[in-house]
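K.L.:
Shown below is the structure under consideration.
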Amino acid sequence: MSMPVTTTTGTATAVELTGLTKTFGPVTAVRGLSLRIEPGEVVAFLGPNGAGKTTTIDMMLGLARPTAGTVRVYGRTPAEAIAEGRVAAVMQSGGLLRDLTVAETVRMTASFFARTRPVAEVLERAGIAGIADRRVGKCSGGQQQRLRFAMALLPDPDLMVLDEPTTGMDVEGRREFWSAIRADARAGRTVLFATHYLEEADAYADRIVLIRRGEVVADGTAAQVKALAAGRVVRATLPGADEVALAALPGVDSAEVRGDTVLLHATDSDRVARHLLTRTPARDLEITSRNLEDAFIALTADDDAPEAVR
Amino acid sequence: MTAKTMDAKTTDAAAAAVTPTRRPALGGFSATFLVMEIRRMLRNRRTLVFVLVMPPLFFLLFGGANRGQHLDNGTRVNAYIMISLAVYGAMVATTSGGAMVAVERAQGWSRQLRLTPLHPAAYVATKVLTAMALGLLAVVIQFTVGAVSDVRMPAHVWLFAGLAAWLGSLVFAAFGLFVGYLAPAENVMQFLGPILAILALFGGLFVPLEVLPHVMQQIAKFTPVYGVGQIARSWLIGESVSGAAVANVVLWTAGFGFGAARLFRRDTARV
């Protein structure tokens, strides 16, 4: 592995994780995870609880020390990236002083940085200017989360990391939170967020990195990840179908016959459809892709998951 | 700091060329932060009652009752009580200030701070200064109440006794930090309060040590309030500051400071 290169034009890779491993006693939380994120990408870290998402993020932010492997954020160590305000994070919970007001919290945080965006501006962008004088202890979970977001906006970071940012928010709060993040990312900021909500990953990320047991099991656009997990399902009405013969067709992974209906799980759905329509009396043909949730379950199930694609 | 030198090679040129001022001066230490911290402490009603209200109240109760009385060496009793309670107020103040880290660790603020450029040493320095500011306020208020209610001492005694009570309370800023890093609990002052009262008793702040049994007097010399109490009253009594008292203050400050530093390092170490 060569040394990461930082050029003066600022085109360094946003995040570069190489062979990242973290063990806690006998438990391996993250095993040999490698990942590159380019500037401007909006990436979802998707995985079930305990997959190693938070541990990976902690190492990325310098809150935890890798057992093996390296982390580079814009070519720097996490500690340097934080000291320079290049990376900021919104953590899951805690981290706020209940006796301060919303505005005081942001002002105090601003005092730790060499330079920041104006306090009024970040309050506005996080949608909490209206509750600036409210005590943090009296804010709802969603308001506290937008406060954490406002604090993270202060240094105008190149990379924004969010660890399950909408946990405990209602639907409305979640939508407002994401519209703020999305508007912000359009300005070119790199965003990495961990979530176990599939719909969040699907709706807000350009790229999904699926994690299971501390390893990347899939990496691509939402469409790629869905296709990877499941291929498509071809469904048709075909009286008297022979299940064994259908299963043996090229492009078919498995076949199921329910009365007059056949369900074919296919990696090459076009080929299967062409065969059914031209060589058999099949009618009412439908092709559906499985949704991301199916992909998520298929890829994060305990048994042999498909190979990762890049 | 091998990591730093290694990174310097790769990032120096870029950092210097593009962003010469991206890191904060003094590790993020600033007057803004300090002032906000002091204001925060002054907003805490519990702290204010125990630090700024109760010691003067004790003085009015006990000092007032002994008005006009003198100790054997001619010292006025109410001056003796005022200085003792100033030491007590300052020690409760600085302990509260140091122990704020317990609350902040419990609320996850310390972890949040690690996502900012604020250097841990700048944080601790701010905590100590905040504690000492409250300690100074405790002494000033106690002395003001004393002056208004008939305590008369030579000017140099006011000055040196006040300075000793205040600066000696550094022991307890260290003690507060030590406990704060030992126990991340929101209610840390609830169990520290009684401990401070017992220590104050052994330090001769509530009654002169001479009235205690001999064994307790001997034990008292090794407790952390003894030194600062003796020093603060020495100008009033007209005795020179004893080496034992100075050693007591220095050793306890060093001990708590060392303990706090060790726990602090454990707290900020990455896991």
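Each chain of the structure tokens is named A, B, ... in the order shown, its residues numbered from 1; ligands are numbered from 1 in display order.
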Select from segment 39-119 of chain A everything DSSP, run on the backbone, classes as alpha helix (DSSP H), then give the selection as a list in words.

P.N.:
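Assigned to alpha helix (DSSP H), within segment 39-119 of chain A: Lys53, Thr54, Thr55, Thr56, Ile57, Asp58, Met59, Met60, Pro78, Ala79, Glu80, Ala81, Ile82, Ala83, Val102, Ala103, Glu104, Thr105, Val106, Arg107, Met108, Thr109, Ala110 and Val119 of chain A.
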
K.L.:
Among the residues of segment 123-301 of chain A, find those DSSP assigns to strand (DSSP E) from the backbone and print them as a ChimeraX atom specification.

P.N.:
/A:159-163,190-195,207-212,215-220,232-237,252-258,261-266,283-289

K.L.:
Would you kindly return, as a PyMOL selection string, each protein, DNA or RNA residue with an atom no farther than 12 Å from any atom of His156 of chain B, considering only C-alpha atoms and excluding same-chain residues fewer than 4 positions away?

P.N.:
chain B and resi 152+160-164+232+234-236+238

K.L.:
Could those residues be written to a file, using N, CA, C and O atoms, as a CSV table (one decimal), in the first residue's frame?

P.N.:
```csv
chain,number,residue,atom,x,y,z
B,152,ARG,N,-12.8,43.2,62.1
B,152,ARG,CA,-11.8,44.2,62.0
B,152,ARG,C,-10.4,43.5,62.0
B,152,ARG,O,-10.1,42.8,63.0
B,160,PHE,N,-3.6,38.7,52.8
B,160,PHE,CA,-2.9,37.4,52.8
B,160,PHE,C,-3.8,36.3,53.2
B,160,PHE,O,-3.7,35.2,52.6
B,161,ALA,N,-4.7,36.5,54.1
B,161,ALA,CA,-5.6,35.4,54.5
B,161,ALA,C,-6.5,35.1,53.3
B,161,ALA,O,-6.8,33.9,53.0
B,162,GLY,N,-7.0,36.2,52.6
B,162,GLY,CA,-7.8,36.0,51.4
B,162,GLY,C,-7.1,35.2,50.3
B,162,GLY,O,-7.6,34.3,49.7
B,163,LEU,N,-5.9,35.7,50.0
B,163,LEU,CA,-5.1,35.0,49.0
B,163,LEU,C,-4.8,33.5,49.3
B,163,LEU,O,-4.9,32.6,48.5
B,164,ALA,N,-4.5,33.3,50.6
B,164,ALA,CA,-4.2,31.9,51.0
B,164,ALA,C,-5.4,31.0,50.9
B,164,ALA,O,-5.4,29.9,50.4
B,232,ALA,N,-4.0,30.0,56.1
B,232,ALA,CA,-4.9,31.2,55.9
B,232,ALA,C,-5.1,32.0,57.2
B,232,ALA,O,-5.2,33.2,57.2
B,234,SER,N,-2.8,32.1,59.7
B,234,SER,CA,-1.5,32.3,60.4
B,234,SER,C,-1.3,33.8,60.6
B,234,SER,O,-0.8,34.3,61.6
B,235,TRP,N,-1.7,34.7,59.6
B,235,TRP,CA,-1.4,36.1,59.7
B,235,TRP,C,-2.3,36.7,60.8
B,235,TRP,O,-1.9,37.6,61.6
B,236,LEU,N,-3.5,36.1,61.0
B,236,LEU,CA,-4.5,36.6,62.0
B,236,LEU,C,-3.9,36.3,63.4
B,236,LEU,O,-3.9,37.1,64.3
B,238,GLY,N,-0.9,35.6,64.1
B,238,GLY,CA,0.4,36.2,64.3
B,238,GLY,C,1.5,35.1,64.4
B,238,GLY,O,2.6,35.4,65.0
```

K.L.:
Of the candidates B:Leu57, B:Leu137, B:Met189, B:Ala254, which one gets nearest to Ser96 of chain B if we count only C-alpha atoms?

P.N.:
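Nearest to Ser96 of chain B: B:Met189.
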
K.L.:
Please determine the contact residues of chain A with respect to chain B at a cut-off of 7 Å, counting only C-alpha atoms, and supply them as a PDB file with N, CA, C and O atoms, in the first residue's frame.

P.N.:
```pdb
ATOM      1  N   VAL A   5      -1.689  10.156  -1.205  1.00  0.00           N
ATOM      2  CA  VAL A   5      -1.088  11.390  -1.709  1.00  0.00           C
ATOM      3  C   VAL A   5      -2.069  12.541  -1.571  1.00  0.00           C
ATOM      4  O   VAL A   5      -3.223  12.434  -1.943  1.00  0.00           O
ATOM      5  N   THR A   6      -1.592  13.602  -0.974  1.00  0.00           N
ATOM      6  CA  THR A   6      -2.402  14.805  -0.917  1.00  0.00           C
ATOM      7  C   THR A   6      -1.795  15.811  -1.867  1.00  0.00           C
ATOM      8  O   THR A   6      -0.624  16.131  -1.753  1.00  0.00           O
ATOM      9  N   THR A   7      -2.561  16.281  -2.790  1.00  0.00           N
ATOM     10  CA  THR A   7      -2.019  17.263  -3.713  1.00  0.00           C
ATOM     11  C   THR A   7      -2.481  18.643  -3.301  1.00  0.00           C
ATOM     12  O   THR A   7      -3.455  18.794  -2.572  1.00  0.00           O
ATOM     13  N   THR A   8      -1.791  19.628  -3.784  1.00  0.00           N
ATOM     14  CA  THR A   8      -2.140  20.992  -3.405  1.00  0.00           C
ATOM     15  C   THR A   8      -3.435  21.436  -4.061  1.00  0.00           C
ATOM     16  O   THR A   8      -4.013  22.431  -3.679  1.00  0.00           O
ATOM     17  N   LEU A  63     -11.941   8.192  17.302  1.00  0.00           N
ATOM     18  CA  LEU A  63     -12.440   7.910  18.651  1.00  0.00           C
ATOM     19  C   LEU A  63     -12.018   6.519  19.096  1.00  0.00           C
ATOM     20  O   LEU A  63     -12.039   6.208  20.279  1.00  0.00           O
ATOM     21  N   ALA A  64     -11.674   5.663  18.153  1.00  0.00           N
ATOM     22  CA  ALA A  64     -11.199   4.318  18.477  1.00  0.00           C
ATOM     23  C   ALA A  64      -9.950   4.045  17.645  1.00  0.00           C
ATOM     24  O   ALA A  64      -9.789   4.592  16.554  1.00  0.00           O
ATOM     25  N   ARG A  65      -9.074   3.240  18.203  1.00  0.00           N
ATOM     26  CA  ARG A  65      -7.807   2.944  17.535  1.00  0.00           C
ATOM     27  C   ARG A  65      -7.952   1.602  16.817  1.00  0.00           C
ATOM     28  O   ARG A  65      -8.349   0.613  17.416  1.00  0.00           O
ATOM     29  N   ARG A  76      -5.203  12.741   5.621  1.00  0.00           N
ATOM     30  CA  ARG A  76      -4.694  13.032   6.961  1.00  0.00           C
ATOM     31  C   ARG A  76      -5.139  11.953   7.934  1.00  0.00           C
ATOM     32  O   ARG A  76      -6.049  11.177   7.638  1.00  0.00           O
ATOM     33  N   ILE A  82      -9.781  16.357  12.186  1.00  0.00           N
ATOM     34  CA  ILE A  82     -10.682  17.007  13.141  1.00  0.00           C
ATOM     35  C   ILE A  82     -10.102  18.331  13.613  1.00  0.00           C
ATOM     36  O   ILE A  82     -10.802  19.338  13.683  1.00  0.00           O
ATOM     37  N   ALA A  83      -8.802  18.347  13.914  1.00  0.00           N
ATOM     38  CA  ALA A  83      -8.175  19.586  14.378  1.00  0.00           C
ATOM     39  C   ALA A  83      -8.300  20.687  13.328  1.00  0.00           C
ATOM     40  O   ALA A  83      -8.395  21.863  13.654  1.00  0.00           O
ATOM     41  N   GLU A  84      -8.315  20.295  12.058  1.00  0.00           N
ATOM     42  CA  GLU A  84      -8.410  21.289  10.990  1.00  0.00           C
ATOM     43  C   GLU A  84      -9.852  21.559  10.575  1.00  0.00           C
ATOM     44  O   GLU A  84     -10.101  22.345   9.662  1.00  0.00           O
ATOM     45  N   ALA A  88     -16.525  16.518  10.272  1.00  0.00           N
ATOM     46  CA  ALA A  88     -17.401  16.746  11.413  1.00  0.00           C
ATOM     47  C   ALA A  88     -18.387  15.593  11.463  1.00  0.00           C
ATOM     48  O   ALA A  88     -18.595  14.908  10.469  1.00  0.00           O
ATOM     49  N   GLY A  94     -26.499  11.561  23.045  1.00  0.00           N
ATOM     50  CA  GLY A  94     -25.607  12.154  24.033  1.00  0.00           C
ATOM     51  C   GLY A  94     -24.802  13.306  23.443  1.00  0.00           C
ATOM     52  O   GLY A  94     -25.098  13.818  22.377  1.00  0.00           O
ATOM     53  N   GLY A  95     -23.781  13.728  24.195  1.00  0.00           N
ATOM     54  CA  GLY A  95     -22.891  14.744  23.672  1.00  0.00           C
ATOM     55  C   GLY A  95     -23.431  16.158  23.726  1.00  0.00           C
ATOM     56  O   GLY A  95     -22.909  17.046  23.056  1.00  0.00           O
ATOM     57  N   LEU A  96     -24.473  16.380  24.516  1.00  0.00           N
ATOM     58  CA  LEU A  96     -24.985  17.742  24.658  1.00  0.00           C
ATOM     59  C   LEU A  96     -25.109  18.070  26.142  1.00  0.00           C
ATOM     60  O   LEU A  96     -25.398  17.195  26.954  1.00  0.00           O
ATOM     61  N   LEU A  97     -24.896  19.334  26.487  1.00  0.00           N
ATOM     62  CA  LEU A  97     -25.055  19.776  27.872  1.00  0.00           C
ATOM     63  C   LEU A  97     -26.469  20.294  28.042  1.00  0.00           C
ATOM     64  O   LEU A  97     -26.869  21.253  27.384  1.00  0.00           O
ATOM     65  N   MET A 108     -20.519  27.991  22.027  1.00  0.00           N
ATOM     66  CA  MET A 108     -19.397  27.392  22.752  1.00  0.00           C
ATOM     67  C   MET A 108     -18.584  26.499  21.820  1.00  0.00           C
ATOM     68  O   MET A 108     -17.357  26.568  21.785  1.00  0.00           O
ATOM     69  N   SER A 111     -16.306  28.323  19.589  1.00  0.00           N
ATOM     70  CA  SER A 111     -15.099  28.904  20.197  1.00  0.00           C
ATOM     71  C   SER A 111     -13.908  27.942  20.133  1.00  0.00           C
ATOM     72  O   SER A 111     -12.776  28.352  20.337  1.00  0.00           O
ATOM     73  N   PHE A 112     -14.154  26.663  19.850  1.00  0.00           N
ATOM     74  CA  PHE A 112     -13.046  25.695  19.806  1.00  0.00           C
ATOM     75  C   PHE A 112     -12.329  25.682  18.451  1.00  0.00           C
ATOM     76  O   PHE A 112     -11.281  25.075  18.318  1.00  0.00           O
ATOM     77  N   PHE A 113     -12.933  26.316  17.456  1.00  0.00           N
ATOM     78  CA  PHE A 113     -12.377  26.246  16.109  1.00  0.00           C
ATOM     79  C   PHE A 113     -11.636  27.529  15.738  1.00  0.00           C
ATOM     80  O   PHE A 113     -11.950  28.599  16.243  1.00  0.00           O
ATOM     81  N   ALA A 114     -10.682  27.385  14.814  1.00  0.00           N
ATOM     82  CA  ALA A 114      -9.954  28.554  14.339  1.00  0.00           C
ATOM     83  C   ALA A 114     -10.888  29.484  13.581  1.00  0.00           C
ATOM     84  O   ALA A 114     -10.820  30.695  13.704  1.00  0.00           O
TER      85      ALA A 114
END
```

K.L.:
Pick from B:Met153, B:Met91, B:Val211, B:Val188: nearest to Ser169 of chain B, with only C-alpha atoms counted?

P.N.:
B:Met91

K.L.:
Can you tell me, as a list in words, what residues are no more than 10 Å from Asp242 of chain A when counting only C-alpha atoms, ignoring any on the same chain fewer than 6 positions away?

P.N.:
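What passes the distance filter is Ala255, Glu256, Val257 and Val262 of chain A.
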
K.L.:
Considering only C-alpha atoms, return as a list in words whatever protein or nucleic-acid residues lie within 12 Å of Ala187 of chain A, sequence-local ones (same chain, fewer than 6 positions apart) excluded.

P.N.:
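Result of the neighbour search: Pro39, Gly40, Glu41, Val42, Asp156, Pro157, Asp158, Leu159, Ala180 and Ile181 of chain A.
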
K.L.:
Hey, which of A:Leu33, A:Glu121, A:Leu17, A:Thr55 ends up closest to Thr70 of chain A? Count only C-alpha atoms.

P.N.:
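Smallest separation from Thr70 of chain A among the options: A:Leu17.
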
K.L.:
Give me, as a PDB file with C-alpha atoms, in the first residue's frame, all polymer residues having an atom no more than 8 Å from Leu263 of chain B, counting only C-alpha atoms and skipping those fewer than 5 positions away in the same chain.

P.N.:
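Generated output (selection_24.pdb):
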```pdb
ATOM      1  CA  PHE B 178      -9.789  13.590  40.355  1.00  0.00           C
ATOM      2  CA  TYR B 181     -12.531  11.482  36.223  1.00  0.00           C
ATOM      3  CA  LEU B 182     -13.065   8.668  38.718  1.00  0.00           C
TER       4      LEU B 182
END
```

K.L.:
Find the residues around segment 191-202 of chain A up to 8 Å (only C-alpha atoms counted), leave out those fewer than 6 positions away in its own chain, and share them as a compact mmCIF listing (two decimals) with N, CA, C and O atoms, in the first residue's frame.

P.N.:
```
# COMPACT_ATOMS: atom_id res chain seq x y z
N GLY A 40 -17.47 14.45 -2.63
CA GLY A 40 -18.77 14.74 -3.20
C GLY A 40 -19.75 13.58 -3.19
O GLY A 40 -20.92 13.76 -3.48
N GLU A 41 -19.27 12.38 -2.85
CA GLU A 41 -20.19 11.24 -2.80
C GLU A 41 -21.08 11.30 -1.56
O GLU A 41 -20.66 11.77 -0.51
N VAL A 42 -22.30 10.81 -1.70
CA VAL A 42 -23.19 10.63 -0.56
C VAL A 42 -23.36 9.12 -0.38
O VAL A 42 -23.97 8.45 -1.21
N VAL A 43 -22.76 8.60 0.67
CA VAL A 43 -22.64 7.16 0.84
C VAL A 43 -23.40 6.70 2.07
O VAL A 43 -23.31 7.31 3.14
N ALA A 44 -24.19 5.63 1.92
CA ALA A 44 -24.87 5.03 3.06
C ALA A 44 -24.12 3.79 3.51
O ALA A 44 -23.74 2.97 2.69
N PHE A 45 -23.90 3.73 4.79
CA PHE A 45 -23.33 2.55 5.42
C PHE A 45 -24.54 1.78 5.93
O PHE A 45 -25.15 2.16 6.92
N LEU A 46 -24.90 0.71 5.27
CA LEU A 46 -26.15 0.02 5.62
C LEU A 46 -25.82 -1.35 6.19
O LEU A 46 -25.01 -2.08 5.62
N GLY A 47 -26.47 -1.66 7.30
CA GLY A 47 -26.24 -2.98 7.88
C GLY A 47 -27.07 -3.15 9.11
O GLY A 47 -27.53 -2.17 9.69
N PRO A 48 -27.29 -4.40 9.51
CA PRO A 48 -28.07 -4.63 10.73
C PRO A 48 -27.31 -4.17 11.96
O PRO A 48 -26.11 -3.87 11.88
N ASN A 49 -27.99 -4.11 13.09
CA ASN A 49 -27.31 -3.74 14.33
C ASN A 49 -26.19 -4.72 14.61
O ASN A 49 -26.34 -5.92 14.39
N LYS A 53 -20.85 -0.96 11.95
CA LYS A 53 -20.92 0.38 11.36
C LYS A 53 -20.36 1.44 12.31
O LYS A 53 -19.51 2.24 11.92
N THR A 54 -20.85 1.43 13.54
CA THR A 54 -20.42 2.46 14.49
C THR A 54 -18.93 2.32 14.82
O THR A 54 -18.22 3.31 14.93
N LEU A 159 -16.02 16.70 4.91
CA LEU A 159 -16.69 15.41 5.09
C LEU A 159 -17.60 15.47 6.31
O LEU A 159 -17.19 15.89 7.39
N MET A 160 -18.85 15.07 6.10
CA MET A 160 -19.82 15.02 7.20
C MET A 160 -20.16 13.55 7.44
O MET A 160 -20.57 12.84 6.53
N VAL A 161 -19.97 13.12 8.69
CA VAL A 161 -20.25 11.72 9.04
C VAL A 161 -21.45 11.71 9.99
O VAL A 161 -21.47 12.45 10.97
N LEU A 162 -22.43 10.88 9.69
CA LEU A 162 -23.62 10.82 10.54
C LEU A 162 -23.86 9.37 10.94
O LEU A 162 -23.99 8.49 10.09
N ASP A 163 -23.90 9.14 12.25
CA ASP A 163 -24.08 7.76 12.73
C ASP A 163 -25.53 7.55 13.14
O ASP A 163 -25.95 8.03 14.19
N GLU A 164 -26.28 6.87 12.31
CA GLU A 164 -27.71 6.61 12.56
C GLU A 164 -28.42 7.88 13.03
O GLU A 164 -28.98 7.92 14.13
N PRO A 165 -28.39 8.91 12.20
CA PRO A 165 -28.83 10.23 12.69
C PRO A 165 -30.32 10.35 12.97
O PRO A 165 -30.71 11.25 13.68
N ALA A 185 -25.61 18.58 0.94
CA ALA A 185 -24.73 17.75 0.14
C ALA A 185 -24.67 18.24 -1.31
O ALA A 185 -23.68 18.03 -1.99
N ILE A 208 -24.45 2.75 -1.88
CA ILE A 208 -24.74 1.99 -0.67
C ILE A 208 -23.62 1.00 -0.42
O ILE A 208 -23.24 0.24 -1.31
N ALA A 222 -28.02 1.90 -5.37
CA ALA A 222 -29.14 1.13 -4.83
C ALA A 222 -29.59 0.08 -5.84
O ALA A 222 -29.84 -1.08 -5.50
N LEU A 292 -35.18 -3.35 -2.15
CA LEU A 292 -33.91 -3.27 -1.41
C LEU A 292 -33.98 -4.07 -0.12
O LEU A 292 -32.99 -4.63 0.33
N GLU A 293 -35.17 -4.13 0.43
CA GLU A 293 -35.31 -4.87 1.67
C GLU A 293 -34.97 -6.36 1.47
O GLU A 293 -34.30 -6.97 2.28
N PHE A 296 -31.32 -6.58 1.17
CA PHE A 296 -30.73 -6.39 2.48
C PHE A 296 -30.76 -7.71 3.26
O PHE A 296 -29.75 -8.15 3.81
```

K.L.:
Could you tell me how far atom CA of Gly240 of chain A sits from atom CA of Leu285 of chain A, in Å to one decimal place?

P.N.:
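According to the coordinates, atom CA of Leu285 of chain A and atom CA of Gly240 of chain A are separated by 15.8 Å.
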
K.L.:
Find the residue from A:Thr109, A:Gln144, A:Thr278, A:Ser34 that sits nearest to Glu215 of chain A; use only C-alpha atoms when measuring.

P.N.:
A:Ser34

K.L.:
Work out how far apart atom CA of Thr237 of chain A and atom CA of Gln224 of chain A are and give it in Å to one decimal.

P.N.:
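Between atom CA of Thr237 of chain A and atom CA of Gln224 of chain A the gap is 28.6 Å.
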
K.L.:
For Val140 of chain B, which of B:Gly98, B:Tyr226, B:Asn66, B:Leu52 is the closest residue, counting only C-alpha atoms?

P.N.:
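Using only C-alpha atoms, Val140 of chain B sits closest to B:Leu52.
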